[in-house]
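A.B. asks: One structure, pasted below without further comment.
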Amino acid sequence: MKLTLKIWRQASPEAQGAIHTYDLDDVSEEMSFLEMLDVLNEQLNDAGEEPITFDHDCREGICGSCDLMIDGQAHGPEVTTSCQLHMRSFKDGQTITVEPWRSDAFPVLKDLSVDRSAFDRIIQAGGYISANTGSAPEANSVPAPREKAMRAFNVATCIGCGACVAACPNGSASLFLGAKITHLGELPQGQPERWSRVTAMVAQHDAEGFGGCTNIGECTAACPKEIPLDVISQLNKDYRMALKQGH
Amino acid sequence: MAGSTLHDGLTPLNSAPTQTSDDAHGYYVKGDKIVDTAAPTGPIADRWTTRRFENRLVNPANRRKLTVIIVGTGLAGAAAAATMGEAGYKVKSFCYQDSPRRAHSIAAQGGINAAKNYKEDGDSVFRLFYDTVKGGDYRSRESNVYRLAEVSTSIIDQCVAQGVPFARDYGGLLDNRSFGGVQVSRTFYARGQTGQQLLIGAYQAMERQVAAGTVESYTRHEMLELIVVDGVARGIIARDLVSGEIETHLADVVVLASGGYGNVFYLSTNAMNSNVTAAWRAHRKGAYMANPCYTQIHPTCIPVAGEYQSKLTLMSESLRNDGRIWVPKNREDCDKDPRDIPEEDRDYYLERIYPAFGNLVPRDIASRQAKNVCDEGRGVGPVVGDFRRGVYLDFADAIERLGEDAVREKYDNLFDMYERITGENPYQVPMRIYPAVHYVMGGLWVDYHLQSNIPGLFVTGEANFSDHGANRLGASALMQGLADGYFVLPNTIRDYLADGPFAPVDESHPAVVEARQDVEDRVQKLLSINGKRSADSFHKELGHIMWEYCGMERSEPGLRKAIDMIRELKAAFWSDLRVLGSAETINQSLEKAGRVADFIELGELMCIDALNRRESCGGHFRAESQTDDGEALRHDDEFAYVAAWEWGGEEGQPVLHKEDLIYTAVEMKQRSYK
Amino acid sequence: MAASGLLFIGFVLGHMYGNLKAFAGEETFNNYAEHLREFGEPILPHEGFLWIARVGLLAALVVHVTCAVILARRAGRARTVKYVVKKNTHSSFSSHWMRWGGATLLLFIVWHLLNFSFGKVNVSNGETGDPDKNPYRLMVDNFDVWWLTAIYLVAMVALALHLHHGTFSSAQTLGLTGTARARRNARAAGLVIAIVVAGGFSLVPIGVLAGIID
């Protein structure tokens, strides 16, 4: 199939970016979206134009590196990561616009690559259970109800890609935040720090410049791991409880 | 030596090997034998406990004055950074990814072994140890493996305390499954995303230390050189991948946790940017590379769909528990709809050749037989290059026996992944699978303390060679990474650091200046060749050579041919490479070019190592070493040693140092699955 | 935002209930209006309850609008470079229209208060202050004017949209929707409240126009 690609190119964080248009022939339906970009980059290299920079690594949908806004949808039209999106989801002759995540908390570094270190700082603020190596009790000494453990797992599958932020009309990272709060809050091991964790993480989220949540729900629709919206409800509930307890 | 007693009173069960063949003659230089001088003695079960006590302590007040560089933030690196940070050392952590959480440990699916014996099914530390030694085809060190099995239980405790959401049963206690044909259920898992959950646990522990100020995290930084001052590792040269700046980072000790080099095959299940550069740079500075040819090929990956393919995706081998593997008996049927091929025209070749184990034969056998049937022209799926690379993994029987819902419950995430990638519904059409490079057992040589032959350079996780041998059991990679990171390294490195703080090194020291200059020159060289081909095209070519000649099955003529081809490729690379853009911004082509340059050199050494090892062992089959019925034949008398290769210089030949493997607790046996 | 919003939901439900008394005829309606003033007497002074409600609602309005402005400004700062192409495919129209809809409602409330509370403007004859002290007449006269009815009906559409998302959103913000079922219920509640309130309010002007109320 043939495609017209409109791709955001930006030389550096400070530089002015613009959409560039490229034509690509011979795209196979079996290719992943990123493999299609590989082919384009190979062509650009041959033609003497610098290849397009984009974040990617595992290419199996788990590392969370890839971060493309494809035709106005985070990770494109399917519920998956950009790397697991295949060209069979597009039509011959289609024009596809590819942009970086747009969030002031995720500044563009180059072309389609953005800086998501804000997420690391949110985790630093409290997204952990303090358990020094060697201090752990025997693993089965504290049973965790299966339902709660399953919910914890389901939301712990967050890959930190930032699609929730990219899709959110408010530029909020509440889904990311809620997923971590719910993951740690559902487990018995997460209880001692439960209330201090939520206030610290919310404060860091706000300090990073993410927007506030108005419960629109684009985040959960864009999430490649289908983290449900109820984690935001959990986040709000925990935050309310934390304030009540003076945290 | 067998029969006589060793100096610690134990009886060796095998003799030291004596190699009579010399296939790699002319490609290498024979070096002195080496021994692991840090190896413990005494009864195997007491060795680690004794050693932990013997290792000296570092005064807590001194720890803050000791800088530890850790390269890589996978399970081994992040766990070590967290633990060393908690202990109070000044840790500098480096990763090329934009966040430590993205290291490729995250992609491990199946699970993590631990000798908890929660199922009371006869498991024990000794049994895990025994299974691991046997699974590694007797090419690992007993002491290291025993220690690994011993600390495995602590790993689970630690991870649970961190909030890793392992699968649980209805009583809320941890669930286990049997994995990879092992007869006990000792594998802990978090659905098909165990690696992700463990890594996030380690990552969070590490970020907690970042907040506490004990760990400094350098993301989007790539180590490009090791700084060795007076024979001791004292730091690294790294490139800030965003600004392009070449930075010097000095330290008291350097830990490489930079992962494996499976990407030397171009197509592998590794992440696109996984590379050997950190390890290879250390190798060029004198660190021995051990058993580089030991790679693991995983049988259940999604086949290559076209020439543009950039990576391969693994599906958990738990699929083999219920799926039946087959190809058509006749070549003419290969492009038919598999559902139209009648039962009598199907060849369930694993069930036919190995009736006792059937589809659950070990990974290497399943992989090699898949390659064999495809080489015979009976492969299925699209024609890529010259033939079809794929075999069917059929769930029709399982669906009939258990019902579609039961199959869905067990495998839905894997089936979904398969459908997303191939566009085919595996509930209706048999899956297609093909082997892919998955893991490397080879790596930098380390002693019992995980220290390389360069003092002050420690190597952990997949980057070292130490624990698995010539093959690795399923669900043991995660165990090793976390064992090294949480429990082994922090306990062995302190014996080294007890001598510190060491004399400060200045950035103007000639060795530092030289290391930095080398990196700058190399970057400029890559940018200035100005040829026609992309780094990727060279990488792809290297991958073809490696897969064809140094993959599952190797032969003497094939390996010799491969070495010649790689040497030609290396010359072409340095004369026809094209890297556009500058060194002052993100430049992914430049990053790639540096990595490919190192892969090419590694590829040659792997072929030489494979050529020298004229035996079929572990994950690979050497055509010249097989039984009468075509099965792998090991030669313990010749090759029960670790091949530790020393860099021989740009124009010189690699130097082979042998470390004999002597067993006192497990007797070597030839594998048989027939 | 959620707490003040819930207060408004309660208010509009009560207000709508009162309006429906128009169908019971002039006397009932006017009695009801008068009783609102007498509510709580003699403990409260005349119109005491009404003023407490007014002050409470005003405070809630200030909180509600302030929060909305803060959220909007944060959203603006969170994405200063806009997408060239952006699709919102999985969210309700009402959730995207909260800000414009809210502003529309704010304008409407100002007009509505002038119209019926403070100015008591009778647009059919231009009188102000409701000299007959007959709220029923004032209402019927006003809704006899087609464009005024149109304004009210447009406002009710805005209110319906606002309630549709607002009800769910406040439940979510208060952390009451921790399960898929609770979330479904909250969404259903949003839809029901939106239809009941906006529909109930609209019945009266439609009733006037149709001549059922005169």
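Residue numbering restarts at 1 for every chain of the structure tokens, chains are lettered A, B, ... in their displayed order, and ligands are numbered from 1 as they appear.
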Near Pro224 (chain A), within 12 Å and counting only C-alpha atoms, which residues show up once chain neighbours fewer than 6 positions away are dropped, as a PyMOL selection string?
C.D. replies: chain A and resi 60-64+66-67+73-85+155+157-164+167+218
A.B. asks: Set the cut-off to 7 Å and count only C-alpha atoms: what are the residues of chain A that reach chain C? Output as a list of chain:residue names.
C.D. replies: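 That gives A:Asp71, A:Gly72, A:Gln73, A:Arg102, A:Ser103, A:Asp104, A:Ala105, A:Asn170, A:Gly171, A:Gly209, A:Phe210, A:Gly211, A:Gly212, A:Thr214, A:Asn215, A:Ile216, A:Gly217, A:Glu218, A:Ala221, A:Asp230, A:Ser233, A:Gln234, A:Asn236, A:Lys237 for chain A.
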A.B. asks: So, with only C-alpha atoms as the atoms that count, which of B:Thr49, B:Gln158, B:Thr11, B:Asn144 lies closest to Thr133 (chain A)?
C.D. replies: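 Going through B:Thr49, B:Gln158, B:Thr11, B:Asn144 one by one, the smallest distance to Thr133 (chain A) is for B:Gln158.
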A.B. asks: For chain A, work out the contacting residues on chain B at 6 Å, counting only C-alpha atoms, and write them as a PyMOL selection string.
C.D. replies: chain B and resi 83+102+157-158+160-162+165+168+170+172-173+204+207-208+211+271-273+580-581
A.B. asks: Residues within 10 Å of Asp23 (chain B), please, as a list in words. Count only C-alpha atoms; anything in the same chain fewer than 6 positions from it doesn't count.
C.D. replies: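 The neighbour list is Glu556, Pro557, Arg560, Ile608, Asp609, Ala610, Leu611, Asn612, Arg613 and Arg614 of chain B.
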A.B. asks: Can I get the selected residues back with C-alpha atoms, as an mmCIF file, in the first residue's frame?
C.D. replies:
data_model
loop_
_atom_site.group_PDB
_atom_site.id
_atom_site.type_symbol
_atom_site.label_atom_id
_atom_site.label_comp_id
_atom_site.auth_asym_id
_atom_site.auth_seq_id
_atom_site.Cartn_x
_atom_site.Cartn_y
_atom_site.Cartn_z
ATOM 1 C CA GLU B 556 33.315 -26.284 11.244
ATOM 2 C CA PRO B 557 33.121 -25.161 7.599
ATOM 3 C CA ARG B 560 35.035 -20.641 9.152
ATOM 4 C CA ILE B 608 35.749 -18.482 17.037
ATOM 5 C CA ASP B 609 34.444 -19.691 20.398
ATOM 6 C CA ALA B 610 31.864 -21.876 18.663
ATOM 7 C CA LEU B 611 34.502 -23.221 16.310
ATOM 8 C CA ASN B 612 36.757 -24.163 19.195
ATOM 9 C CA ARG B 613 33.972 -25.871 21.119
ATOM 10 C CA ARG B 614 33.651 -29.028 19.067
#
A.B. asks: Any idea what's packed within 9 Å of Val512 (chain B), counting only C-alpha atoms, ignoring anything in its chain fewer than 6 positions away? Could you give it as a ChimeraX atom specification?
C.D. replies: /B:227-229,235-237,248,250,505-506
A.B. asks: Apply DSSP to the structure's backbone, then extract all residues of region 151-346 of chain B labelled helix (DSSP H, G or I) and return them as an MDAnalysis selection string.
C.D. replies: chainID B and resid 151:162 194:212 262:265 277:284 317:321 331:335 338:340 343:345
A.B. asks: At a cut-off of 9 Å, using only C-alpha atoms, what residues contact region 174-179 of chain B? Leave out same-chain residues fewer than 2 positions from it and give the result as a list of chain:residue names.
C.D. replies: A:Ala139, A:Asn140, A:Pro143, A:Ala144, B:Gly110, B:Gly111, B:Asn113, B:Tyr118, B:Lys119, B:Phe166, B:Ala167, B:Arg168, B:Asp169, B:Gly171, B:Gly172, B:Gly181, B:Val182, B:Gln183, B:Val184, B:Ser185, B:Arg186, B:Thr187, B:Phe188, B:Tyr189, B:Glu317, B:Ser318, B:Leu473, B:Gly474, B:Ala475
A.B. asks: List as number ranges by chain the protein and nucleic acid residues near Thr18 (chain B), meaning an atom at most 8 Å away when only C-alpha atoms are counted, but skip any in the same chain fewer than 6 places from it.
C.D. replies: B: 637-639
A.B. asks: Can I get the selected residues back with N, CA and C atoms, as a PDB file, in the first residue's frame?
C.D. replies:
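Written out: selection_34.pdb:
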ATOM      1  N   ASP B 637      35.084 -34.659  28.639  1.00  0.00           N
ATOM      2  CA  ASP B 637      36.525 -34.894  28.771  1.00  0.00           C
ATOM      3  C   ASP B 637      37.336 -33.789  28.101  1.00  0.00           C
ATOM      4  N   GLU B 638      36.738 -33.166  27.080  1.00  0.00           N
ATOM      5  CA  GLU B 638      37.475 -32.123  26.367  1.00  0.00           C
ATOM      6  C   GLU B 638      37.038 -30.705  26.746  1.00  0.00           C
ATOM      7  N   PHE B 639      35.728 -30.565  27.005  1.00  0.00           N
ATOM      8  CA  PHE B 639      35.207 -29.189  27.065  1.00  0.00           C
ATOM      9  C   PHE B 639      34.527 -28.788  28.368  1.00  0.00           C
TER      10      PHE B 639
END
A.B. asks: Would you kindly return, as a PyMOL selection string, each protein, DNA or RNA residue with an atom no farther than 7 Å from any atom of Arg554 (chain B), considering only C-alpha atoms and excluding same-chain residues fewer than 4 positions away?
C.D. replies: chain B and resi 549-550+558-559+621-623
A.B. asks: Could you take the residues named above and write them with N, CA and C atoms, as an mmCIF file, in the first residue's frame?
C.D. replies:
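And here's again04.cif as it stands now:
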data_model
loop_
_atom_site.group_PDB
_atom_site.id
_atom_site.type_symbol
_atom_site.label_atom_id
_atom_site.label_comp_id
_atom_site.auth_asym_id
_atom_site.auth_seq_id
_atom_site.Cartn_x
_atom_site.Cartn_y
_atom_site.Cartn_z
ATOM 1 N N TYR B 549 25.062 -19.431 10.593
ATOM 2 C CA TYR B 549 26.262 -20.231 10.877
ATOM 3 C C TYR B 549 26.585 -20.371 12.365
ATOM 4 N N CYS B 550 26.049 -19.510 13.170
ATOM 5 C CA CYS B 550 26.387 -19.581 14.595
ATOM 6 C C CYS B 550 25.102 -19.615 15.435
ATOM 7 N N GLY B 558 31.041 -24.074 8.247
ATOM 8 C CA GLY B 558 30.127 -22.941 8.336
ATOM 9 C C GLY B 558 30.727 -21.813 9.168
ATOM 10 N N LEU B 559 31.329 -22.189 10.283
ATOM 11 C CA LEU B 559 31.887 -21.173 11.175
ATOM 12 C C LEU B 559 33.098 -20.481 10.540
ATOM 13 N N PHE B 621 23.924 -27.152 18.864
ATOM 14 C CA PHE B 621 24.225 -28.423 18.259
ATOM 15 C C PHE B 621 25.399 -28.217 17.329
ATOM 16 N N ARG B 622 26.432 -29.009 17.573
ATOM 17 C CA ARG B 622 27.587 -28.920 16.682
ATOM 18 C C ARG B 622 27.526 -30.128 15.769
ATOM 19 N N ALA B 623 27.465 -29.861 14.464
ATOM 20 C CA ALA B 623 27.227 -30.938 13.494
ATOM 21 C C ALA B 623 28.247 -32.061 13.628
#
A.B. asks: Please determine, counting only C-alpha atoms, which residue among C:Thr167, C:Asn115, C:Thr149, C:Asn185 has the shortest atom-to-atom distance to Gly10 (chain C).
C.D. replies: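 Smallest distance to Gly10 (chain C) is found for C:Thr167.
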A.B. asks: Name the residues of region 19-226 of chain B that fall into strand (DSSP E) according to DSSP on the backbone, using the chain letters and numbers of this document, as a count of residues only.
C.D. replies: 26
A.B. asks: So how many Å separate CA of Lys90 (chain B) and CA of Ala515 (chain B), to one decimal?
C.D. replies: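 Separation of CA of Lys90 (chain B) and CA of Ala515 (chain B): 23.1 Å.
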